[in-house]
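Quick look at final22.csv (CSV, C-alpha atoms):
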chain,number,residue,atom,x,y,z
A,935,MET,CA,31.3,126.0,54.1
A,936,SER,CA,35.0,126.7,54.4
A,937,ILE,CA,36.4,130.0,53.1
A,938,ASN,CA,38.7,127.9,51.1
A,939,ASP,CA,35.8,126.4,49.2
A,940,PRO,CA,36.6,127.0,45.5
A,941,SER,CA,32.9,127.3,44.8
A,942,ILE,CA,32.7,130.6,46.6
A,943,PRO,CA,33.8,133.6,44.4
A,944,GLY,CA,37.0,135.2,45.7
A,945,ALA,CA,37.7,132.3,48.0
A,946,LEU,CA,41.4,131.3,48.6
A,947,PRO,CA,42.7,128.1,46.9
A,948,PRO,CA,42.9,125.0,49.1
A,949,GLU,CA,45.9,124.9,51.5
A,950,GLY,CA,49.0,123.2,49.9
A,951,THR,CA,47.9,124.2,46.4
A,952,ALA,CA,50.4,126.5,44.7
A,953,ARG,CA,49.5,128.8,41.9
A,954,ARG,CA,51.4,127.9,38.7
A,955,PRO,CA,53.1,130.9,37.1
A,956,LYS,CA,52.0,131.7,33.7
A,957,ARG,CA,54.6,130.9,31.0
A,958,GLY,CA,53.9,134.1,29.2
A,959,GLY,CA,54.6,136.1,32.3
A,960,LEU,CA,58.0,134.4,32.8
A,961,LEU,CA,58.9,135.0,29.2
A,962,LYS,CA,57.9,138.6,29.4
A,963,GLU,CA,60.0,139.1,32.6
A,964,LEU,CA,63.0,137.4,30.9
A,965,VAL,CA,62.7,139.7,27.9
A,966,LEU,CA,62.5,142.8,30.1
A,967,VAL,CA,65.6,141.7,32.0
A,968,VAL,CA,67.6,141.1,28.8
A,969,VAL,CA,66.5,144.5,27.3
A,970,ALA,CA,67.3,146.3,30.6
A,971,ALA,CA,70.8,144.7,30.7
A,972,LEU,CA,71.5,145.7,27.0
A,973,VAL,CA,70.3,149.3,27.6
A,974,LEU,CA,72.5,149.5,30.7
A,975,SER,CA,75.5,148.1,28.8
A,976,VAL,CA,75.0,150.7,26.0
A,977,LEU,CA,74.6,153.5,28.5
A,978,VAL,CA,77.8,152.5,30.4
A,979,LYS,CA,79.7,152.1,27.2
A,980,THR,CA,78.5,155.4,25.8
A,981,PHE,CA,78.8,157.6,28.9
A,982,LEU,CA,81.0,155.9,31.5
A,983,PHE,CA,83.5,153.2,30.5
A,984,ARG,CA,85.0,151.7,27.4
A,985,ALA,CA,87.3,148.7,26.9
A,986,PHE,CA,90.7,148.9,25.2
A,987,VAL,CA,93.5,146.3,24.8
A,988,ILE,CA,97.1,147.3,25.5
A,989,PRO,CA,99.1,146.7,22.2
A,990,SER,CA,102.7,147.5,23.1
A,991,GLN,CA,105.4,147.5,25.8
A,992,SER,CA,105.5,151.3,26.1
A,993,MET,CA,103.6,151.4,29.4
A,994,GLU,CA,105.4,148.6,31.2
A,995,GLU,CA,105.3,147.7,34.0
A,996,THR,CA,102.1,149.7,34.7
A,997,LEU,CA,100.3,148.1,31.8
A,998,LEU,CA,101.4,144.9,30.0
A,999,VAL,CA,100.8,143.8,26.4
A,1000,GLY,CA,97.4,142.2,26.2
A,1001,ASP,CA,96.0,143.9,29.3
A,1002,ARG,CA,92.3,144.8,28.9
A,1003,VAL,CA,91.6,148.2,30.5
A,1004,PHE,CA,88.4,150.1,31.2
A,1005,VAL,CA,88.7,153.7,30.3
A,1006,ASN,CA,86.8,156.3,32.2
A,1007,LEU,CA,85.0,158.4,29.6
A,1008,LEU,CA,84.2,161.2,32.1
A,1009,VAL,CA,87.8,162.3,31.9
A,1010,PRO,CA,88.3,164.8,30.4
A,1011,GLY,CA,84.9,166.5,30.9
A,1012,PRO,CA,83.0,166.7,33.1
A,1013,PHE,CA,86.1,165.8,35.2
A,1014,ASP,CA,89.4,167.5,34.6
A,1015,LEU,CA,92.5,165.8,33.1
A,1016,GLU,CA,95.5,165.9,35.4
A,1017,ARG,CA,99.2,165.4,35.3
A,1018,GLY,CA,100.0,161.8,35.8
A,1019,ASP,CA,96.8,160.4,34.4
A,1020,VAL,CA,97.2,157.4,32.1
A,1021,VAL,CA,95.1,158.2,29.0
A,1022,VAL,CA,93.9,156.5,25.8
A,1023,PHE,CA,93.8,158.8,22.8
A,1024,LYS,CA,93.0,158.6,19.1
A,1025,ASP,CA,96.0,158.6,16.8
A,1026,ASP,CA,95.1,161.8,15.0
A,1027,GLN,CA,98.7,162.7,14.5
A,1028,GLN,CA,99.5,159.4,12.8
A,1029,TRP,CA,102.1,158.2,15.2
A,1030,LEU,CA,101.3,154.6,14.2
A,1031,GLU,CA,101.7,152.9,10.9
A,1032,PRO,CA,98.3,152.5,9.0
A,1033,THR,CA,96.7,149.1,9.4
A,1034,ASN,CA,94.1,147.3,7.4
A,1035,ASN,CA,92.1,145.3,10.0
A,1036,PRO,CA,89.8,142.7,8.4
A,1037,PRO,CA,86.0,143.0,9.2
A,1038,ALA,CA,85.4,141.7,12.7
A,1039,GLY,CA,82.0,140.2,11.8
A,1040,PRO,CA,78.5,141.0,13.1
A,1041,ILE,CA,78.8,139.3,16.4
A,1042,ALA,CA,82.1,141.1,17.2
A,1043,ASP,CA,80.6,144.4,16.0
A,1044,ALA,CA,77.6,143.8,18.4
A,1045,LEU,CA,79.9,143.1,21.3
A,1046,THR,CA,81.9,146.2,20.5
A,1047,PHE,CA,78.8,148.3,20.4
A,1048,LEU,CA,77.7,147.0,23.8
A,1049,GLY,CA,81.2,147.7,25.2
A,1050,LEU,CA,82.0,144.1,25.9
A,1051,ARG,CA,84.8,143.9,23.2
A,1052,ALA,CA,87.6,146.3,22.7
A,1053,ASP,CA,87.2,148.7,19.7
A,1054,ASP,CA,89.9,148.2,17.1
A,1055,SER,CA,88.2,150.2,14.3
A,1056,THR,CA,90.3,153.3,15.1
A,1057,GLN,CA,93.9,153.2,16.1
A,1058,HIS,CA,94.6,154.4,19.7
A,1059,LEU,CA,97.6,154.9,22.0
A,1060,VAL,CA,98.0,154.8,25.7
A,1061,LYS,CA,100.5,157.1,27.5
A,1062,ARG,CA,100.9,159.0,30.8
A,1063,VAL,CA,100.2,162.8,30.8
A,1064,ILE,CA,103.4,164.6,31.9
A,1065,GLY,CA,102.7,168.1,30.8
A,1066,MET,CA,99.4,170.1,30.8
A,1067,PRO,CA,98.7,173.4,29.0
A,1068,GLY,CA,101.2,176.0,30.1
A,1069,ASP,CA,103.7,173.5,31.5
A,1070,THR,CA,107.4,173.5,30.5
A,1071,VAL,CA,108.6,169.9,30.2
A,1072,GLU,CA,112.3,169.4,29.8
A,1073,CYS,CA,115.2,167.0,30.3
A,1074,GLY,CA,118.7,168.3,30.3
A,1075,GLU,CA,122.1,166.6,30.0
A,1076,ASP,CA,121.8,165.5,33.6
A,1077,GLY,CA,119.0,163.1,32.6
A,1078,GLN,CA,116.5,164.6,35.1
A,1079,LEU,CA,112.9,165.2,33.9
A,1080,LYS,CA,111.4,168.5,35.1
A,1081,VAL,CA,108.0,170.2,34.8
A,1082,ASN,CA,108.0,173.9,35.5
A,1083,GLY,CA,111.4,173.6,37.1
A,1084,VAL,CA,110.4,170.8,39.5
A,1085,VAL,CA,112.4,167.6,39.3
A,1086,LEU,CA,110.0,164.6,39.0
A,1087,HIS,CA,110.5,161.5,41.1
A,1088,GLU,CA,108.5,159.0,39.0
A,1089,GLY,CA,107.8,155.8,41.0
A,1090,TYR,CA,105.7,154.4,38.1
A,1091,LEU,CA,108.6,154.0,35.7
A,1092,LYS,CA,109.7,150.5,34.7
A,1093,SER,CA,112.5,149.3,36.9
A,1094,GLY,CA,115.9,150.3,35.7
A,1095,VAL,CA,114.6,152.8,33.1
A,1096,LYS,CA,115.8,156.4,33.1
A,1097,PRO,CA,113.4,159.4,32.9
A,1098,SER,CA,114.7,160.1,29.3
A,1099,GLU,CA,117.6,159.2,27.1
A,1100,VAL,CA,117.4,162.3,25.1
A,1101,THR,CA,117.4,166.0,26.0
A,1102,PHE,CA,114.4,168.1,25.1
A,1103,LYS,CA,112.4,171.1,26.1
A,1104,ALA,CA,108.7,171.7,25.3
A,1105,VAL,CA,106.2,174.4,26.3
A,1106,VAL,CA,102.8,172.9,26.2
A,1107,PRO,CA,100.3,175.1,24.3
A,1108,GLU,CA,96.6,175.7,25.1
A,1109,GLY,CA,94.4,172.7,24.4
A,1110,LYS,CA,97.2,170.2,24.2
A,1111,ILE,CA,99.2,167.8,26.4
A,1112,TRP,CA,102.7,166.2,26.5
A,1113,VAL,CA,102.6,162.4,27.0
A,1114,MET,CA,105.3,159.8,27.7
A,1115,GLY,CA,105.3,156.1,28.3
A,1116,ASP,CA,106.3,154.5,31.6
A,1117,ASN,CA,108.8,152.3,29.7
A,1118,ARG,CA,110.8,155.3,28.5
A,1119,SER,CA,113.5,153.4,26.7
A,1120,ASN,CA,110.8,151.6,24.6
A,1121,SER,CA,108.2,154.3,24.1
A,1122,ALA,CA,107.7,156.3,20.9
A,1123,ASP,CA,105.9,159.2,22.7
A,1124,SER,CA,105.9,163.0,22.5
A,1125,ARG,CA,109.7,163.0,22.4
A,1126,SER,CA,109.8,161.0,19.2
A,1127,HIS,CA,107.3,163.0,17.1
A,1128,SER,CA,108.7,166.6,17.0
A,1129,ALA,CA,107.8,166.8,13.3
A,1130,LYS,CA,104.1,166.2,14.0
A,1131,GLN,CA,102.7,169.1,16.0
A,1132,SER,CA,105.9,169.2,18.0
A,1133,GLY,CA,104.9,166.0,19.8
A,1134,PHE,CA,101.8,167.5,21.4
A,1135,ILE,CA,98.4,165.7,21.6
A,1136,ASP,CA,95.1,167.5,21.4
A,1137,ILE,CA,93.1,167.2,24.5
A,1138,ALA,CA,90.1,166.7,22.2
A,1139,SER,CA,91.7,163.5,21.0
A,1140,VAL,CA,91.7,161.9,24.5
A,1141,GLU,CA,89.1,159.2,24.8
A,1142,GLY,CA,89.4,158.9,28.6
A,1143,ARG,CA,91.5,157.9,31.6
A,1144,ALA,CA,92.6,154.3,32.0
A,1145,ASP,CA,91.3,153.4,35.5
A,1146,ILE,CA,90.8,149.6,35.7
A,1147,ILE,CA,92.7,146.5,34.5
A,1148,ALA,CA,89.9,144.0,33.9
A,1149,TRP,CA,91.9,141.2,32.3
A,1150,PRO,CA,93.8,138.9,32.8
A,1151,LEU,CA,92.3,137.8,36.0
A,1152,HIS,CA,95.5,137.8,38.0
A,1153,ARG,CA,96.0,141.5,37.1
A,1154,ILE,CA,92.6,142.8,37.9
A,1155,GLY,CA,92.8,146.1,39.8
A,1156,GLY,CA,93.3,149.8,39.5
A,1157,VAL,CA,95.9,151.4,37.1
A,1158,GLN,CA,98.9,152.7,39.1
A,1159,ASN,CA,98.5,156.5,39.5
A,1160,SER,CA,101.3,159.0,39.8
A,1161,GLY,CA,101.0,159.5,43.6
A,1162,ASP,CA,102.9,162.6,44.8
A,1163,THR,CA,105.0,162.9,41.6
A,1164,PHE,CA,103.5,166.3,40.6
A,1165,LYS,CA,102.4,167.7,43.9
A,1166,ASP,CA,104.9,170.5,43.9
A,1167,VAL,CA,104.4,171.5,40.2
A,1168,GLN,CA,102.7,174.9,39.9
A,1169,ASP,CA,100.3,175.7,37.1
A,1170,ARG,CA,101.3,178.3,34.4
A,1171,PRO,CA,99.2,180.2,31.9
A,1172,ALA,CA,98.9,178.6,28.4
A,1173,HIS,CA,99.2,180.2,25.0
A,1174,GLU,CA,98.2,179.3,21.5
A,1175,TYR,CA,100.4,176.8,19.7
A,1176,ASP,CA,103.3,178.4,17.9
A,1177,PRO,CA,105.8,175.8,16.4
A,1178,THR,CA,108.5,178.5,16.2
A,1179,GLU,CA,108.7,178.6,20.0
A,1180,GLN,CA,109.3,174.9,20.4
A,1181,ASP,CA,112.7,173.3,20.8
A,1182,VAL,CA,112.5,170.4,18.4
A,1183,SER,CA,116.0,169.1,19.0
A,1184,ARG,CA,116.4,165.7,20.5
A,1185,GLU,CA,120.0,164.9,21.6
A,1186,PRO,CA,121.2,161.8,23.5
A,1187,VAL,CA,121.9,162.4,27.1
A,1188,GLU,CA,125.7,161.9,27.4
A,1189,SER,CA,125.6,160.9,31.1
A,1190,MET,CA,123.2,158.1,30.3
A,1191,ALA,CA,124.9,156.7,27.2
A,1192,PRO,CA,126.1,153.1,27.5
Would you mind writing the file out in structure tokens?
Amino acid sequence: MSINDPSIPGALPPEGTARRPKRGGLLKELVLVVVAALVLSVLVKTFLFRAFVIPSQSMEETLLVGDRVFVNLLVPGPFDLERGDVVVFKDDQQWLEPTNNPPAGPIADALTFLGLRADDSTQHLVKRVIGMPGDTVECGEDGQLKVNGVVLHEGYLKSGVKPSEVTFKAVVPEGKIWVMGDNRSNSADSRSHSAKQSGFIDIASVEGRADIIAWPLHRIGGVQNSGDTFKDVQDRPAHEYDPTEQDVSREPVESMAP
């Protein structure tokens, strides 16, 4: 007898005869793959990245209207926030007008939960961090933007745009940041909201750092960082917020007037 004789217990099947996979086994594997992908998506969305859509022109030309960005949820905490970071933050200070978004529907809600669709349930803004706690951010009549006395050379600004068209001086308190758009002439940022917490944003309101442009396809890549813009800026100790210590005046820069 041949060892391939099927009449012998434990014998190998005849040569050229392939074992047919069980349909139940394939279905089980497919379900496991789908469940694993969903779990991974939820974990990524919850702990690593989240999608947002750029709604305005305030960050041109770094970010354009309609760009879909992935935000790194590990900044701030466990990784530190830094000057020059482009951040997405919740509109806790009501910089934006209230909106009444219609219900997105169960499918859209599911995609949002999985991190595959941008979350529009809460209003958010995107700006660049210019001042960290303890920093003095100012712009004088010469139109130069300074942090702790160091003049910034901002290569990320939109072409032809000045650092600021108004004078101001702000000392960033503990637990807060000073933010500005890269399109300074079309950005309602910290300079424009002196009546609301002197224009400061709570670090606790920061959702994360915008790291990747994921859509449209021709713009896929990393978000432009600040390079060496802040390399000479020295840290200073921060103090609790005191509105009486803030210069809330915002005057046009004469040298930059048309």
CA of Leu1059 (chain A) and CA of Arg1143 (chain A), how far apart in Å?
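Distance reported for this atom pair: 11.8 Å.
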For Pro1010 (chain A), the closest of A:Val1140, A:Gly1115, A:Lys1080, A:Asp1123 counting only C-alpha atoms is A:Val1140
When you look at Asp1162 (chain A) with a cut-off of 12 Å (counting all atoms listed in the file), what residues show up, excluding the ones that are within fewer than 3 positions of it in the same chain? I need them as JSON, numbers by chain.
{"A": [1017, 1018, 1086, 1087, 1088, 1089, 1090, 1159, 1165, 1166, 1167]}
Give me, as number ranges by chain, all polymer residues having an atom no more than 12 Å from Val1113 (chain A), counting all atoms listed in the file and skipping those fewer than 6 positions away in the same chain.
A: 992-993, 1016-1023, 1059-1067, 1071, 1104, 1106, 1121-1127, 1132-1137, 1140
Find the residues near Gly1077 (chain A): any atom within 7 Å, counting only C-alpha atoms, skip ones fewer than 2 places away on the same chain, and give them as number ranges by chain.
A: 1073-1075, 1079, 1097-1099, 1187, 1190
Between A:Ser990, A:Gln1158, A:Thr1070, A:Ser1119, single out the one closest to Glu1179 (chain A), counting only C-alpha atoms.
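Nearest to Glu1179 (chain A): A:Thr1070.
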Could you check the closest approach to Asp1145 (chain A) for each of A:Asp1076, A:Leu961, A:Val1157, A:Gly1094 and tell me which residue wins, using all atoms listed in the file?
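Ranked by minimum distance to Asp1145 (chain A), first place goes to A:Val1157.
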Just to confirm, what's the straight-line distance from CA of Asp1176 (chain A) to CA of Phe1013 (chain A) in Å (one decimal)?
27.5 Å
Can you tell me which residues surround Ala1172 (chain A) at a distance of at most 7 Å, considering all atoms listed in the file, apart from same-chain residues fewer than 4 positions away, and format the answer as an MDAnalysis selection string?
chainID A and resid 1067:1068 1107:1108
Residues near Asn1117 (chain A), cut-off 9 Å, only C-alpha atoms, skip fewer than 3 positions along chain, as a list in words:
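Returned residues: Gln991, Ser992, Met993, Glu994, Glu995, Thr996, Leu1091, Lys1092, Ser1093, Val1095, Lys1096, Met1114, Asn1120 and Ser1121 of chain A.
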Any idea what the distance is between CA of Glu1072 (chain A) and CA of Pro1186 (chain A)?
13.3 Å
Need a file for region 1047-1126 of chain A from that block: C-alpha atoms, written as a short mmCIF file (atom, residue, chain, number, x, y, z; two decimals), in the first residue's frame.
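Result file is part_4.cif:
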data_model
loop_
_atom_site.label_atom_id
_atom_site.label_comp_id
_atom_site.auth_asym_id
_atom_site.auth_seq_id
_atom_site.Cartn_x
_atom_site.Cartn_y
_atom_site.Cartn_z
CA PHE A 1047 -16.01 58.11 15.78
CA LEU A 1048 -13.53 55.99 13.83
CA GLY A 1049 -11.44 59.06 12.97
CA LEU A 1050 -12.16 58.76 9.24
CA ARG A 1051 -14.22 61.96 9.09
CA ALA A 1052 -13.47 65.41 10.51
CA ASP A 1053 -15.37 66.23 13.69
CA ASP A 1054 -17.59 69.30 13.27
CA SER A 1055 -19.61 68.86 16.46
CA THR A 1056 -17.43 71.41 18.28
CA GLN A 1057 -15.98 74.58 16.80
CA HIS A 1058 -12.20 74.60 16.48
CA LEU A 1059 -9.55 77.01 15.25
CA VAL A 1060 -6.05 76.49 13.88
CA LYS A 1061 -3.20 78.95 14.51
CA ARG A 1062 0.55 78.99 15.11
CA VAL A 1063 1.94 79.25 18.63
CA ILE A 1064 4.00 82.45 18.92
CA GLY A 1065 4.22 82.89 22.68
CA MET A 1066 4.57 80.28 25.42
CA PRO A 1067 3.99 80.87 29.16
CA GLY A 1068 6.35 83.59 30.41
CA ASP A 1069 7.03 85.05 26.95
CA THR A 1070 6.62 88.72 26.12
CA VAL A 1071 5.21 89.02 22.58
CA GLU A 1072 5.16 92.48 21.07
CA CYS A 1073 5.04 94.49 17.89
CA GLY A 1074 6.06 98.16 17.91
CA GLU A 1075 5.58 100.96 15.41
CA ASP A 1076 8.44 99.54 13.34
CA GLY A 1077 6.24 96.54 12.51
CA GLN A 1078 8.74 93.98 13.83
CA LEU A 1079 7.41 91.05 15.82
CA LYS A 1080 9.49 90.19 18.88
CA VAL A 1081 9.43 87.46 21.51
CA ASN A 1082 11.43 88.20 24.66
CA GLY A 1083 13.23 90.97 22.76
CA VAL A 1084 14.28 88.75 19.84
CA VAL A 1085 13.12 89.88 16.38
CA LEU A 1086 11.46 86.99 14.56
CA HIS A 1087 12.19 86.20 10.93
CA GLU A 1088 9.14 84.19 9.97
CA GLY A 1089 9.64 82.24 6.78
CA TYR A 1090 6.20 80.63 7.09
CA LEU A 1091 4.24 83.88 6.60
CA LYS A 1092 2.11 84.27 3.50
CA SER A 1093 4.06 86.01 0.76
CA GLY A 1094 3.78 89.80 0.98
CA VAL A 1095 2.19 89.78 4.44
CA LYS A 1096 3.70 91.82 7.28
CA PRO A 1097 4.30 90.38 10.78
CA SER A 1098 1.51 92.58 12.21
CA GLU A 1099 -0.46 95.61 11.13
CA VAL A 1100 -1.20 96.67 14.71
CA THR A 1101 1.01 97.36 17.71
CA PHE A 1102 0.57 95.27 20.81
CA LYS A 1103 2.39 93.86 23.81
CA ALA A 1104 1.37 90.75 25.73
CA VAL A 1105 2.98 88.84 28.59
CA VAL A 1106 1.82 85.24 28.35
CA PRO A 1107 0.60 83.91 31.71
CA GLU A 1108 1.03 80.45 33.17
CA GLY A 1109 -1.01 77.77 31.41
CA LYS A 1110 -1.73 79.88 28.32
CA ILE A 1111 -0.35 80.59 24.84
CA TRP A 1112 -0.41 83.45 22.33
CA VAL A 1113 -1.40 82.37 18.81
CA MET A 1114 -1.35 84.05 15.39
CA GLY A 1115 -2.24 83.03 11.85
CA ASP A 1116 0.35 82.83 9.07
CA ASN A 1117 -1.85 85.09 6.94
CA ARG A 1118 -1.55 87.99 9.40
CA SER A 1119 -3.62 90.48 7.39
CA ASN A 1120 -6.55 88.03 7.34
CA SER A 1121 -6.39 86.34 10.72
CA ALA A 1122 -8.57 87.12 13.72
CA ASP A 1123 -6.08 85.72 16.22
CA SER A 1124 -4.87 86.67 19.71
CA ARG A 1125 -4.41 90.27 18.59
CA SER A 1126 -8.12 90.59 17.79
#
